[in-house]
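Since the structure comes first, as structure tokens, the remarks are kept for the end.
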Amino acid sequence: GNSVTQMEGPVTLSEEAFLTINCTYTATGYPSLFWYVQYPGEGLQLLLKATKADDKGSNKGFEATYRKETTSFHLEKGSVQVSDSAVYFCALSGNTGNQFYFGTGTSLTVIP
Amino acid sequence: DTGVSQNPRHKITKRGQNVTFRCDPISEHNRLYWYRQTLGQGPEFLTYFQNEAQLEKSRLLSDRFSAERPKGSFSTLEIQRTEQGDSAMYLCASSSEREQYFGPGTRLTVT
């Protein structure tokens with residue numbers, strides 16, 4: 001079956017530190033992969049996506065590369081800001097796009 | 001269009017009562033999803049509509065849960081005979097292809 005496993009939090013970083021949040025997946029076929037972000041008190045927002053192997057999704061300084069050989073989609077940012085404090089969810093959709101599977105979320109706090 | 005909207009945003013009900021939530025998707029999106037999210041967890045898929053047809057249902061969706069999308073536009077999720085374990089955030093999302101846009105959610109508290 002399809003599933004997503006992501007790094008447990010919470011993660012606390014100082015401003016301008018490098019961020020990595022690990023995500024690995026199990027899927028049949030050719031899933032699309034996503035990172036969503038949930039800021040305090042708000043709904044989930046799509047951060048970035050990749051639809052095939054070796055694709056790199058990027059947005060707002062965040063990047064993630066779809067690695068089929070390691071079944072991973074790790075989220076990275078070179079220099080985090082206080083405003084990046086949020087919960088980050090890795091997700092995948094199956095071949096048909098009918099179902100989405102989410103990880104448990106990783107809470108990030110960036111301190112000045 | 002300002003995005004996916006959900007009503008109400010908060011609902012407190014007593015155990016055994018029925019509740020109904022509404023989701024208005026982005027107007028040109030033909031796909032609509034319902035999820036449940038509990039504290040510290042990611043969204044769990046409940047059900048999926050393409051236009052007015054309900055094409056997928058999770059095992060999480062017990063007989064007490066029913067969802068409709070009568071004209072392929074807005075959708076309702078009804079929970080009958082609510083239980084304390086139903087307390088959660090209920091999220092709606094819509095999409096035109098593989099990219100989903102989420103609403104703000106309805107937080108249900110069953111006392």
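Simple scheme: letters A, B, ... for chains in structure tokens order, numbers from 1 for residues in each chain, numbers from 1 for ligands in the order shown.
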Using only C-alpha atoms, find each residue in stretch 4-73 of chain B having at least one atom no more than 12 Å away from stretch 78-96 of chain A; report its shortest atom-to-atom pair and that distance in Å (one decimal), rows by chain then rising number, as a tab-separated table.
```
residue	atom	partner	partner_atom	distance
B:Arg31	CA	A:Thr96	CA	11.9
B:Leu39	CA	A:Val87	CA	11.7
B:Gly40	CA	A:Val87	CA	9.7
B:Gln41	CA	A:Phe89	CA	9.5
B:Gly42	CA	A:Phe89	CA	7.0
B:Pro43	CA	A:Phe89	CA	9.1
B:Glu44	CA	A:Ala91	CA	10.9
B:Phe45	CA	A:Ser93	CA	11.1
B:Tyr48	CA	A:Thr96	CA	11.8
B:Gln50	CA	A:Thr96	CA	11.8
B:Leu55	CA	A:Thr96	CA	11.3
B:Glu56	CA	A:Thr96	CA	11.2
```
Quick check: residues of chain A within 12 Å of chain B, only C-alpha atoms, returned as a short mmCIF file (atom, residue, chain, number, x, y, z; two decimals) with all heavy atoms, in the first residue's frame.
```cif
data_model
loop_
_atom_site.label_atom_id
_atom_site.label_comp_id
_atom_site.auth_asym_id
_atom_site.auth_seq_id
_atom_site.Cartn_x
_atom_site.Cartn_y
_atom_site.Cartn_z
N SER A 3 2.16 4.79 1.64
CA SER A 3 2.35 5.43 2.94
C SER A 3 3.52 6.41 2.88
O SER A 3 4.36 6.33 1.98
CB SER A 3 2.60 4.40 4.05
OG SER A 3 3.83 3.76 3.84
N VAL A 4 3.54 7.30 3.85
CA VAL A 4 4.60 8.30 3.95
C VAL A 4 5.13 8.30 5.37
O VAL A 4 4.35 8.29 6.32
CB VAL A 4 4.05 9.70 3.60
CG1 VAL A 4 5.11 10.77 3.86
CG2 VAL A 4 3.57 9.74 2.16
N THR A 5 6.43 8.32 5.50
CA THR A 5 7.06 8.40 6.82
C THR A 5 7.94 9.64 6.83
O THR A 5 8.80 9.81 5.96
CB THR A 5 7.93 7.16 7.09
OG1 THR A 5 7.12 5.99 6.99
CG2 THR A 5 8.54 7.22 8.48
N GLN A 6 7.73 10.50 7.78
CA GLN A 6 8.57 11.68 7.85
C GLN A 6 9.18 11.82 9.22
O GLN A 6 8.69 11.27 10.21
CB GLN A 6 7.84 12.95 7.43
CG GLN A 6 6.71 13.40 8.32
CD GLN A 6 6.06 14.66 7.81
OE1 GLN A 6 5.01 14.62 7.18
NE2 GLN A 6 6.65 15.80 8.10
N GLU A 8 10.37 12.83 12.72
CA GLU A 8 9.58 13.31 13.84
C GLU A 8 10.16 14.60 14.36
O GLU A 8 11.37 14.81 14.35
CB GLU A 8 9.55 12.26 14.95
CG GLU A 8 8.73 11.05 14.57
CD GLU A 8 8.43 10.17 15.77
OE1 GLU A 8 8.61 10.63 16.90
OE2 GLU A 8 8.03 9.03 15.54
N GLY A 9 9.33 15.43 14.87
CA GLY A 9 9.80 16.67 15.46
C GLY A 9 9.66 16.63 16.95
O GLY A 9 9.59 15.55 17.53
N PRO A 10 9.57 17.77 17.58
CA PRO A 10 9.73 19.06 16.93
C PRO A 10 11.19 19.39 16.62
O PRO A 10 12.09 18.84 17.22
CB PRO A 10 9.16 20.03 17.97
CG PRO A 10 9.39 19.36 19.28
CD PRO A 10 9.28 17.88 19.01
N PRO A 31 3.90 7.62 -8.02
CA PRO A 31 3.18 8.66 -7.28
C PRO A 31 3.70 10.05 -7.58
O PRO A 31 4.82 10.21 -8.09
CB PRO A 31 3.45 8.30 -5.82
CG PRO A 31 4.80 7.65 -5.85
CD PRO A 31 4.83 6.87 -7.16
N SER A 32 2.91 11.04 -7.28
CA SER A 32 3.38 12.42 -7.19
C SER A 32 3.66 12.71 -5.72
O SER A 32 3.01 12.15 -4.84
CB SER A 32 2.33 13.38 -7.72
OG SER A 32 2.14 13.22 -9.10
N LEU A 33 4.62 13.57 -5.47
CA LEU A 33 5.04 13.86 -4.10
C LEU A 33 4.88 15.35 -3.80
O LEU A 33 5.07 16.19 -4.69
CB LEU A 33 6.49 13.44 -3.89
CG LEU A 33 6.77 11.96 -4.13
CD1 LEU A 33 8.27 11.69 -4.07
CD2 LEU A 33 6.04 11.10 -3.11
N PHE A 34 4.54 15.66 -2.57
CA PHE A 34 4.21 17.02 -2.18
C PHE A 34 4.77 17.34 -0.80
O PHE A 34 4.92 16.45 0.04
CB PHE A 34 2.68 17.21 -2.10
CG PHE A 34 1.93 16.80 -3.33
CD1 PHE A 34 1.56 15.47 -3.52
CD2 PHE A 34 1.59 17.73 -4.28
CE1 PHE A 34 0.86 15.08 -4.64
CE2 PHE A 34 0.89 17.35 -5.42
CZ PHE A 34 0.52 16.03 -5.60
N TRP A 35 5.03 18.61 -0.58
CA TRP A 35 5.20 19.16 0.76
C TRP A 35 4.13 20.22 0.96
O TRP A 35 3.97 21.13 0.12
CB TRP A 35 6.59 19.74 0.97
CG TRP A 35 7.62 18.72 1.29
CD1 TRP A 35 8.53 18.15 0.45
CD2 TRP A 35 7.86 18.14 2.57
NE1 TRP A 35 9.31 17.24 1.12
CE2 TRP A 35 8.92 17.22 2.44
CE3 TRP A 35 7.29 18.32 3.84
CZ2 TRP A 35 9.42 16.48 3.49
CZ3 TRP A 35 7.78 17.58 4.90
CH2 TRP A 35 8.84 16.66 4.73
N TYR A 36 3.42 20.08 2.09
CA TYR A 36 2.45 21.08 2.51
C TYR A 36 2.96 21.73 3.79
O TYR A 36 3.65 21.11 4.58
CB TYR A 36 1.09 20.43 2.79
CG TYR A 36 0.31 20.08 1.54
CD1 TYR A 36 0.56 18.90 0.85
CD2 TYR A 36 -0.67 20.95 1.05
CE1 TYR A 36 -0.16 18.58 -0.29
CE2 TYR A 36 -1.39 20.65 -0.09
CZ TYR A 36 -1.13 19.45 -0.75
OH TYR A 36 -1.84 19.15 -1.88
N VAL A 37 2.53 22.97 3.99
CA VAL A 37 2.90 23.70 5.21
C VAL A 37 1.63 24.22 5.88
O VAL A 37 0.67 24.60 5.20
CB VAL A 37 3.88 24.85 4.90
CG1 VAL A 37 3.29 25.84 3.91
CG2 VAL A 37 4.30 25.57 6.17
N GLN A 38 1.63 24.14 7.18
CA GLN A 38 0.49 24.64 7.96
C GLN A 38 1.02 25.64 8.99
O GLN A 38 1.65 25.25 9.97
CB GLN A 38 -0.23 23.49 8.65
CG GLN A 38 -1.53 23.87 9.31
CD GLN A 38 -2.32 22.64 9.75
OE1 GLN A 38 -1.75 21.60 10.09
NE2 GLN A 38 -3.63 22.75 9.73
N TYR A 39 0.74 26.91 8.75
CA TYR A 39 1.14 27.94 9.69
C TYR A 39 0.15 27.98 10.86
O TYR A 39 -1.00 27.55 10.70
CB TYR A 39 1.21 29.30 9.00
CG TYR A 39 2.25 29.36 7.91
CD1 TYR A 39 1.87 29.29 6.57
CD2 TYR A 39 3.60 29.45 8.21
CE1 TYR A 39 2.83 29.31 5.56
CE2 TYR A 39 4.56 29.47 7.21
CZ TYR A 39 4.16 29.39 5.89
OH TYR A 39 5.11 29.41 4.90
N PRO A 40 0.57 28.46 12.00
CA PRO A 40 -0.32 28.47 13.17
C PRO A 40 -1.68 29.11 12.88
O PRO A 40 -1.74 30.22 12.35
CB PRO A 40 0.48 29.29 14.20
CG PRO A 40 1.90 29.11 13.80
CD PRO A 40 1.91 29.01 12.30
N GLY A 41 -2.73 28.37 13.16
CA GLY A 41 -4.08 28.89 12.99
C GLY A 41 -4.58 28.92 11.56
O GLY A 41 -5.66 29.46 11.30
N GLU A 42 -3.83 28.35 10.63
CA GLU A 42 -4.23 28.39 9.23
C GLU A 42 -4.40 26.98 8.66
O GLU A 42 -4.03 25.99 9.29
CB GLU A 42 -3.20 29.16 8.41
CG GLU A 42 -3.04 30.61 8.83
CD GLU A 42 -2.10 31.37 7.93
OE1 GLU A 42 -1.79 30.89 6.83
OE2 GLU A 42 -1.66 32.47 8.33
N GLY A 43 -4.95 26.90 7.47
CA GLY A 43 -5.11 25.62 6.78
C GLY A 43 -3.84 25.20 6.09
O GLY A 43 -2.86 25.95 6.01
N LEU A 44 -3.85 23.98 5.55
CA LEU A 44 -2.69 23.47 4.82
C LEU A 44 -2.53 24.20 3.50
O LEU A 44 -3.50 24.44 2.78
CB LEU A 44 -2.83 21.98 4.53
CG LEU A 44 -2.45 21.03 5.64
CD1 LEU A 44 -3.59 20.88 6.62
CD2 LEU A 44 -2.10 19.67 5.06
N GLN A 45 -1.29 24.53 3.18
CA GLN A 45 -0.98 25.17 1.90
C GLN A 45 0.06 24.34 1.17
O GLN A 45 1.01 23.85 1.79
CB GLN A 45 -0.40 26.57 2.13
CG GLN A 45 -1.28 27.52 2.88
CD GLN A 45 -0.57 28.82 3.18
OE1 GLN A 45 0.34 29.23 2.47
NE2 GLN A 45 -0.99 29.50 4.24
N LEU A 46 -0.13 24.20 -0.13
CA LEU A 46 0.88 23.50 -0.91
C LEU A 46 2.16 24.33 -0.95
O LEU A 46 2.14 25.51 -1.29
CB LEU A 46 0.38 23.28 -2.33
CG LEU A 46 1.35 22.57 -3.27
CD1 LEU A 46 1.60 21.14 -2.82
CD2 LEU A 46 0.79 22.59 -4.70
N LEU A 47 3.28 23.71 -0.59
CA LEU A 47 4.57 24.39 -0.61
C LEU A 47 5.31 24.08 -1.92
O LEU A 47 5.78 24.99 -2.59
CB LEU A 47 5.41 23.95 0.58
CG LEU A 47 6.80 24.57 0.72
CD1 LEU A 47 6.72 26.09 0.85
CD2 LEU A 47 7.53 23.97 1.92
N LEU A 48 5.41 22.81 -2.27
CA LEU A 48 6.05 22.42 -3.51
C LEU A 48 5.64 21.00 -3.88
O LEU A 48 5.09 20.27 -3.05
CB LEU A 48 7.57 22.55 -3.42
CG LEU A 48 8.29 21.83 -2.30
CD1 LEU A 48 8.58 20.40 -2.65
CD2 LEU A 48 9.59 22.55 -1.93
N LYS A 49 5.93 20.64 -5.13
CA LYS A 49 5.55 19.31 -5.58
C LYS A 49 6.54 18.81 -6.64
O LYS A 49 7.28 19.60 -7.24
CB LYS A 49 4.15 19.31 -6.17
CG LYS A 49 4.05 20.10 -7.47
CD LYS A 49 2.65 20.01 -8.07
CE LYS A 49 2.61 20.77 -9.40
NZ LYS A 49 1.25 20.70 -10.02
N ALA A 50 6.51 17.48 -6.85
CA ALA A 50 7.27 16.86 -7.92
C ALA A 50 6.46 15.68 -8.43
O ALA A 50 5.92 14.91 -7.63
CB ALA A 50 8.64 16.40 -7.43
N THR A 51 6.36 15.55 -9.72
CA THR A 51 5.46 14.55 -10.28
C THR A 51 6.17 13.34 -10.87
O THR A 51 5.51 12.34 -11.19
CB THR A 51 4.55 15.17 -11.35
OG1 THR A 51 5.38 15.74 -12.36
CG2 THR A 51 3.66 16.24 -10.75
N VAL A 87 4.15 23.77 10.73
CA VAL A 87 4.20 22.31 10.65
C VAL A 87 4.27 21.93 9.17
O VAL A 87 3.50 22.45 8.36
CB VAL A 87 2.97 21.66 11.31
CG1 VAL A 87 3.07 20.14 11.21
CG2 VAL A 87 2.86 22.08 12.76
N TYR A 88 5.17 21.03 8.84
CA TYR A 88 5.40 20.63 7.46
C TYR A 88 4.96 19.18 7.27
O TYR A 88 5.33 18.30 8.06
CB TYR A 88 6.88 20.80 7.11
CG TYR A 88 7.28 22.26 7.07
CD1 TYR A 88 7.59 22.94 8.25
CD2 TYR A 88 7.32 22.98 5.88
CE1 TYR A 88 7.92 24.29 8.24
CE2 TYR A 88 7.65 24.32 5.86
CZ TYR A 88 7.94 24.97 7.04
OH TYR A 88 8.26 26.31 7.02
N PHE A 89 4.18 18.95 6.22
CA PHE A 89 3.64 17.62 5.93
C PHE A 89 4.14 17.16 4.57
O PHE A 89 3.99 17.88 3.57
CB PHE A 89 2.11 17.63 5.90
CG PHE A 89 1.46 17.90 7.21
CD1 PHE A 89 1.12 19.19 7.58
CD2 PHE A 89 1.17 16.86 8.08
CE1 PHE A 89 0.51 19.46 8.80
CE2 PHE A 89 0.56 17.11 9.30
CZ PHE A 89 0.23 18.41 9.67
N CYS A 90 4.67 15.96 4.54
CA CYS A 90 5.01 15.30 3.28
C CYS A 90 3.81 14.47 2.85
O CYS A 90 3.10 13.90 3.71
CB CYS A 90 6.23 14.40 3.52
SG CYS A 90 6.90 13.62 2.04
N ALA A 91 3.55 14.41 1.56
CA ALA A 91 2.37 13.68 1.08
C ALA A 91 2.64 13.08 -0.28
O ALA A 91 3.51 13.54 -1.02
CB ALA A 91 1.15 14.62 1.02
N LEU A 92 1.86 12.06 -0.60
CA LEU A 92 1.94 11.50 -1.94
C LEU A 92 0.54 11.23 -2.46
O LEU A 92 -0.40 11.02 -1.69
CB LEU A 92 2.78 10.21 -1.96
CG LEU A 92 2.26 8.91 -1.37
CD1 LEU A 92 1.34 8.17 -2.35
CD2 LEU A 92 3.43 7.99 -1.03
N SER A 93 0.41 11.27 -3.77
CA SER A 93 -0.83 10.83 -4.40
C SER A 93 -0.50 9.68 -5.34
O SER A 93 0.55 9.67 -5.97
CB SER A 93 -1.50 11.96 -5.17
OG SER A 93 -0.78 12.27 -6.33
N GLY A 94 -1.42 8.73 -5.37
CA GLY A 94 -1.20 7.55 -6.18
C GLY A 94 -1.38 7.83 -7.66
O GLY A 94 -1.59 8.96 -8.08
N ASN A 95 -1.32 6.74 -8.42
CA ASN A 95 -1.39 6.86 -9.88
C ASN A 95 -2.60 7.63 -10.37
O ASN A 95 -2.53 8.43 -11.28
CB ASN A 95 -1.44 5.47 -10.51
CG ASN A 95 -0.08 4.81 -10.49
OD1 ASN A 95 0.91 5.45 -10.23
ND2 ASN A 95 -0.05 3.52 -10.76
N THR A 96 -3.74 7.34 -9.75
CA THR A 96 -4.98 7.93 -10.24
C THR A 96 -5.22 9.32 -9.67
O THR A 96 -6.10 10.03 -10.14
CB THR A 96 -6.18 7.05 -9.85
OG1 THR A 96 -6.23 6.97 -8.42
CG2 THR A 96 -6.04 5.65 -10.43
N GLY A 97 -4.46 9.69 -8.63
CA GLY A 97 -4.69 10.98 -8.00
C GLY A 97 -5.95 11.02 -7.16
O GLY A 97 -6.39 12.09 -6.75
N ASN A 98 -6.54 9.85 -6.91
CA ASN A 98 -7.78 9.81 -6.16
C ASN A 98 -7.57 9.85 -4.66
O ASN A 98 -8.46 10.22 -3.92
CB ASN A 98 -8.57 8.55 -6.49
CG ASN A 98 -9.12 8.59 -7.90
OD1 ASN A 98 -9.00 9.59 -8.58
ND2 ASN A 98 -9.72 7.50 -8.32
N GLN A 99 -6.42 9.39 -4.20
CA GLN A 99 -6.17 9.39 -2.76
C GLN A 99 -4.82 10.03 -2.48
O GLN A 99 -3.87 9.83 -3.22
CB GLN A 99 -6.17 7.95 -2.22
CG GLN A 99 -7.54 7.32 -2.15
CD GLN A 99 -7.61 6.24 -1.09
OE1 GLN A 99 -6.85 6.25 -0.13
NE2 GLN A 99 -8.55 5.31 -1.25
N PHE A 100 -4.80 10.77 -1.39
CA PHE A 100 -3.56 11.39 -0.93
C PHE A 100 -3.22 10.79 0.42
O PHE A 100 -4.10 10.55 1.24
CB PHE A 100 -3.73 12.91 -0.80
CG PHE A 100 -3.67 13.64 -2.11
CD1 PHE A 100 -4.70 13.52 -3.04
CD2 PHE A 100 -2.59 14.45 -2.42
CE1 PHE A 100 -4.64 14.19 -4.25
CE2 PHE A 100 -2.53 15.13 -3.63
CZ PHE A 100 -3.56 15.00 -4.54
N TYR A 101 -1.94 10.59 0.65
CA TYR A 101 -1.46 10.01 1.90
C TYR A 101 -0.47 11.00 2.51
O TYR A 101 0.45 11.44 1.84
CB TYR A 101 -0.77 8.67 1.65
CG TYR A 101 -1.69 7.67 1.00
CD1 TYR A 101 -1.85 7.65 -0.39
CD2 TYR A 101 -2.41 6.77 1.76
CE1 TYR A 101 -2.70 6.75 -0.99
CE2 TYR A 101 -3.27 5.86 1.16
CZ TYR A 101 -3.40 5.86 -0.22
OH TYR A 101 -4.26 4.97 -0.81
N PHE A 102 -0.70 11.32 3.77
CA PHE A 102 0.12 12.33 4.45
C PHE A 102 0.96 11.69 5.54
O PHE A 102 0.55 10.73 6.19
CB PHE A 102 -0.79 13.39 5.09
CG PHE A 102 -1.39 14.35 4.11
CD1 PHE A 102 -2.50 13.99 3.36
CD2 PHE A 102 -0.84 15.61 3.93
CE1 PHE A 102 -3.06 14.87 2.45
CE2 PHE A 102 -1.39 16.50 3.02
CZ PHE A 102 -2.49 16.14 2.28
N GLY A 103 2.12 12.28 5.76
CA GLY A 103 2.91 11.94 6.93
C GLY A 103 2.31 12.60 8.16
O GLY A 103 1.32 13.33 8.08
N THR A 104 2.93 12.36 9.30
CA THR A 104 2.37 12.86 10.57
C THR A 104 2.73 14.31 10.84
O THR A 104 2.21 14.89 11.78
CB THR A 104 2.88 12.01 11.74
OG1 THR A 104 4.30 11.98 11.70
CG2 THR A 104 2.33 10.59 11.67
N GLY A 105 3.57 14.89 10.01
CA GLY A 105 3.92 16.30 10.19
C GLY A 105 5.16 16.49 11.05
O GLY A 105 5.42 15.71 11.97
N THR A 106 5.91 17.52 10.74
CA THR A 106 7.10 17.89 11.52
C THR A 106 6.98 19.35 11.88
O THR A 106 6.85 20.21 11.00
CB THR A 106 8.39 17.67 10.70
OG1 THR A 106 8.48 16.31 10.31
CG2 THR A 106 9.61 18.06 11.53
N SER A 107 6.97 19.61 13.18
CA SER A 107 6.85 20.98 13.65
C SER A 107 8.23 21.64 13.66
O SER A 107 9.19 21.10 14.22
CB SER A 107 6.26 20.99 15.06
OG SER A 107 6.25 22.30 15.59
#
```
Would you list the contacts of stretch 106-108 of chain B as a PyMOL selection string, taking every protein, DNA or RNA residue within 6 Å and counting only C-alpha atoms, but skipping same-chain residues closer than 5 positions in sequence? chain B and resi 8-12+87-90
Atoms kept (N, CA and C atoms) for selection, written as an mmCIF file, in the first residue's frame:
```cif
data_model
loop_
_atom_site.group_PDB
_atom_site.id
_atom_site.type_symbol
_atom_site.label_atom_id
_atom_site.label_comp_id
_atom_site.auth_asym_id
_atom_site.auth_seq_id
_atom_site.Cartn_x
_atom_site.Cartn_y
_atom_site.Cartn_z
ATOM 1 N N PRO B 8 -19.543 25.006 9.465
ATOM 2 C CA PRO B 8 -18.982 26.079 10.280
ATOM 3 C C PRO B 8 -17.488 25.876 10.509
ATOM 4 N N ARG B 9 -16.821 26.831 11.100
ATOM 5 C CA ARG B 9 -15.407 26.673 11.433
ATOM 6 C C ARG B 9 -15.239 25.867 12.727
ATOM 7 N N HIS B 10 -16.209 26.016 13.610
ATOM 8 C CA HIS B 10 -16.165 25.275 14.871
ATOM 9 C C HIS B 10 -17.559 24.740 15.169
ATOM 10 N N LYS B 11 -17.590 23.524 15.739
ATOM 11 C CA LYS B 11 -18.870 22.928 16.122
ATOM 12 C C LYS B 11 -18.660 22.148 17.412
ATOM 13 N N ILE B 12 -19.470 22.495 18.404
ATOM 14 C CA ILE B 12 -19.463 21.740 19.653
ATOM 15 C C ILE B 12 -20.809 21.043 19.756
ATOM 16 N N SER B 87 -14.221 13.671 17.650
ATOM 17 C CA SER B 87 -13.634 14.998 17.830
ATOM 18 C C SER B 87 -12.347 15.097 17.021
ATOM 19 N N ALA B 88 -12.304 16.063 16.121
ATOM 20 C CA ALA B 88 -11.169 16.207 15.209
ATOM 21 C C ALA B 88 -11.395 17.447 14.362
ATOM 22 N N MET B 89 -10.416 17.737 13.513
ATOM 23 C CA MET B 89 -10.567 18.760 12.482
ATOM 24 C C MET B 89 -10.954 18.041 11.200
ATOM 25 N N TYR B 90 -12.020 18.494 10.568
ATOM 26 C CA TYR B 90 -12.453 17.906 9.309
ATOM 27 C C TYR B 90 -12.085 18.869 8.185
#
```
I need the residues of stretch 47-111 of chain B that end up classed as strand (DSSP E or B) by DSSP on the backbone, written out as a ChimeraX atom specification. /B:47-50,53-57,65-68,75-79,88-95,100-102,106-110
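Distances from B:Gly85, B:Gly3, B:Pro25, B:Gly16 to B:Ser73 were compared using only C-alpha atoms, and the smallest one belongs to B:Pro25.
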Excluding same-chain residues fewer than 5 positions from B:Gln84, what lies within 8 Å of it counting only C-alpha atoms, as a list of chain:residue names? B:Arg15, B:Thr109, B:Val110, B:Thr111
Please compute the atom CA of B:Glu28-atom CA of B:Glu68 distance, one decimal, in Å.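 About the pair atom CA of B:Glu28 and atom CA of B:Glu68: they are 18.0 Å apart.
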Could you name the residues that touch A:Leu75 at 7 Å or less, counting only C-alpha atoms, but leaving out those on the same chain fewer than 5 positions away, as number ranges by chain? A: 20-22, 62-64
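Near A:Arg67, within a cut-off of 6 Å and counting only C-alpha atoms, sit the residues Ala53, Asp54 and Ser72 of chain A, with same-chain residues fewer than 5 positions away left out.
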